[in-house]
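Each remark here refers to the structure printed beneath this line.
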Amino acid sequence: MSELNQSLPGIEPLIRAGIEQKWHLGMQVYVSRRGESVANAAVGNDTPDAELQPDTLTRWLSAGKPLTAAAILKLSDAGALSVHDPVCKHIPEFADAEKQDVLVWHLLTHTAGLKPVVSGWPQATWEEIVAKICRAPLRPEWILGSKGAYDPGNSWFILGELIQRLSGRPVDEFVKAEVCDPLGMSDARMSFTSDEHAEHESRIGLTYAERDGELVATRSHLPESLSVPAPGASMRGPAADLGRFYEMLLRGGRSESGEVILQETTVREMTKRWRVNTFDQTFCNVLDFGLGLIINSQQYAKAPVPYGYGRYASAETFGHGGAQSSVGFADPAHELVVVLIANGCPGESVHQRRFHELVNQIYVDLGLAESNS
C-alpha cells in the first residue's frame with residue numbers, strides 16, 4: 001500500500017477519477033499536522049510517458065503570491081518600508097494617473113483597484129512591465145480600501161519592484177535567499193537562469209490546459225516562460241516546499257531550526273482578516289483577505305467559494321490558490337497544512353468542484369470533519 005493510501009485513503013481514488021475525466025494528468029499532495037508530514041506524494045503522470053514525482057518542480061501560479069507578500073513584510077520588519085506607505089514614496093512614477101494615494105496595504109489586500117492592463121509578461125522586459133503599470137490609472141469610480149477586486153498580476157509586479165528598489169536585489173533572488181532557502185525550500189524559485197534550466201530541465205513539470213475536452217500542454221515549462229519573474233504567478237517547486245512555507249507561518253514566523261523569517265507580530269498581521277465582508281469584482285463573491293492571503297470566506301456563501309478551503313476548515317484558515325490548478329493553506333485550529341498541485345487546468349467550475357471534494361476528503365481521512373461541520 002502506498003504512503004498516500006495509508007495516510008489519506010480517500011485521496012488517490014479522487015485524483016485518479018480526475019485523470020479519467022481528463023481534468024489533470026497528475027497531482028502532488030503534501031499534508032502535515034503539528035509540523036509532522038502526513039503525506040508527500042505524487043499520483044499520475046507529468047507527461048504521457050513519465051510519472052509525476054514528489055520532487056517535480058510544479059507550477060504554483062497564484063498560490064505563490066504569499067511568498068512575495070512575505071518578502072515585503074520581511075522588508076517591513078527590517079524598517080525599510082511600512083505597509084501603510086504610499087507606493088509612490090518608493091516608486092515615484094507610480095503616482096502617475098492619480099495613483100498617489102495607493103498604499104502598499106491596498107496592493108496586498110486587493111483593494112487598490114489598478115485598471116487591468118496587459119503586462120506583456122513574459123515577452124516584455126521587467127522594466128517595460130513596471131513602466132506600463134505605473135502609467136495606468138485606477139478603475140473608474142474606485143474607492144481605495146473599500147472596494148475589492150482581486151488583481152492576478154499587475155499589483156504584484158509593483159510589489160516586486162518595491163522589493164528590488166528597497167533591497168537592491170532582483171525580486172526572484174531576494175525571495176529565494178530571504179524566504180525560501182532559510183526554510184529548506186531549496187527547489188522553489190520564481191525564475192530560472194539558462195544554467196538553472198539546463199540543470200533542472202528533467203524535473204520542470206508541465207502544465208496542461210483544457211481544449212475541446214482534451215488536455216493540451218502549455219508553453220509554461222519552456223525557457224522563454226521561465227526566465228522573467230512574475231511575483232504573482234511564476235513560483236515553482238515541489239508541493240512540499242510550499243508546505244514548509246505554511247508550516248513557518250504556523251510556527252509564528254520561524255523555520256524548523258528556529259531561525260526568524262518573520263516576526264511573530266508580523267505573522268499575526270499577515271494572517272489577520274483585514275479586508276472583511278467585501279464583494280470581490282473579479283471573483284464575484286465576498287472574500288476576506290489578509291496581507292497577500294485569502295482568509296476562509298466560506299461563511300458568506302452556501303455554495304463553495306472560489307479558491308476556498310472546503311466545508312470543514314476552521315474560520316481562521318488562511319492560504320492562497322493558483323488558477324485552476326493549486327492551493328496551499330494552513331488551518332491553525334488543527335495545526336494542519338495542505339498543498340495540492342494539479343498539472344491540469346480544466347476550467348473554473350470543474351476545478352472548484354475538484355479541489356473542494358479533495359480538501360473535504362483530507363479532513364475526513366484525518367478525522368477532522370466533525371469538529372467544523
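Letters A, B, ... mark the chains of the C-alpha cells in the order given; residue numbers begin at 1 per chain; ligand numbers begin at 1, in order shown.
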Sort by chain and increasing residue number a table of all residues of range 24-138 of chain A within 10 Å of range 184-187 of chain A, each with its closest pair of atoms and their distance in Å to one decimal, counting only C-alpha atoms, and write it as CSV.
```
residue,atom,partner,partner_atom,distance
A:Asp55,CA,A:Asp187,CA,8.4
A:Thr56,CA,A:Asp187,CA,9.3
A:Leu57,CA,A:Asp187,CA,7.3
```
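Among the residues of range 208-332 of chain A, backbone DSSP assigns helix (DSSP H, G or I) to Pro223, Glu224, Ser225, Leu226, Ala239, Ala240, Asp241, Leu242, Gly243, Arg244, Phe245, Tyr246, Glu247, Met248, Leu249, Leu250, Glu264, Thr265, Thr266, Val267, Arg268, Glu269, Met270, Gln298, Gln299, Tyr300 and Pro332 of chain A.
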Seminar exercise, completed: Closest of A:Tyr30, A:Trp121, A:Phe94, A:Phe174 to Ala71 in chain A, counting only C-alpha atoms, is A:Phe174
Exercise. What does the distance between CA of Leu8 in chain A and CA of Ala333 in chain A come to in Å, to one decimal place?
Worked result: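 It comes out at 19.6 Å.
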For this session: Quick one: everything within 6 Å of range 33-45 of chain A, counting only C-alpha atoms, minus sequence neighbours fewer than 5 positions away in the same chain. Send it as a VMD selection string.
Result: chain A and resid 4 25 to 28 50 to 54 335 to 336
Need the shell around Glu173 in chain A: protein/DNA/RNA residues with any atom at most 9 Å away, counting only C-alpha atoms. Skip same-chain ones fewer than 3 positions apart. Format as a PDB file with N, CA and C atoms, in the first residue's frame?
```pdb
ATOM      1  N   ARG A 169      18.271  44.135  -4.752  1.00  0.00           N
ATOM      2  CA  ARG A 169      18.461  42.809  -5.344  1.00  0.00           C
ATOM      3  C   ARG A 169      17.245  42.471  -6.195  1.00  0.00           C
ATOM      4  N   PRO A 170      17.428  41.699  -7.268  1.00  0.00           N
ATOM      5  CA  PRO A 170      16.271  41.268  -8.066  1.00  0.00           C
ATOM      6  C   PRO A 170      15.265  40.526  -7.195  1.00  0.00           C
ATOM      7  N   LYS A 176      14.097  34.073  -2.973  1.00  0.00           N
ATOM      8  CA  LYS A 176      14.756  32.774  -2.782  1.00  0.00           C
ATOM      9  C   LYS A 176      15.701  32.807  -1.581  1.00  0.00           C
ATOM     10  N   ALA A 177      16.509  33.882  -1.491  1.00  0.00           N
ATOM     11  CA  ALA A 177      17.530  33.936  -0.443  1.00  0.00           C
ATOM     12  C   ALA A 177      16.943  34.224   0.934  1.00  0.00           C
ATOM     13  N   GLU A 178      15.887  35.046   0.999  1.00  0.00           N
ATOM     14  CA  GLU A 178      15.395  35.510   2.286  1.00  0.00           C
ATOM     15  C   GLU A 178      14.169  34.751   2.792  1.00  0.00           C
ATOM     16  N   ARG A 189      11.634  28.441  -6.667  1.00  0.00           N
ATOM     17  CA  ARG A 189      12.207  29.630  -7.292  1.00  0.00           C
ATOM     18  C   ARG A 189      11.163  30.307  -8.163  1.00  0.00           C
ATOM     19  N   MET A 190      11.380  31.591  -8.400  1.00  0.00           N
ATOM     20  CA  MET A 190      10.457  32.410  -9.181  1.00  0.00           C
ATOM     21  C   MET A 190      10.842  32.455 -10.644  1.00  0.00           C
ATOM     22  N   SER A 191      12.097  32.181 -10.963  1.00  0.00           N
ATOM     23  CA  SER A 191      12.564  32.185 -12.347  1.00  0.00           C
ATOM     24  C   SER A 191      13.775  31.272 -12.464  1.00  0.00           C
TER      25      SER A 191
END
```
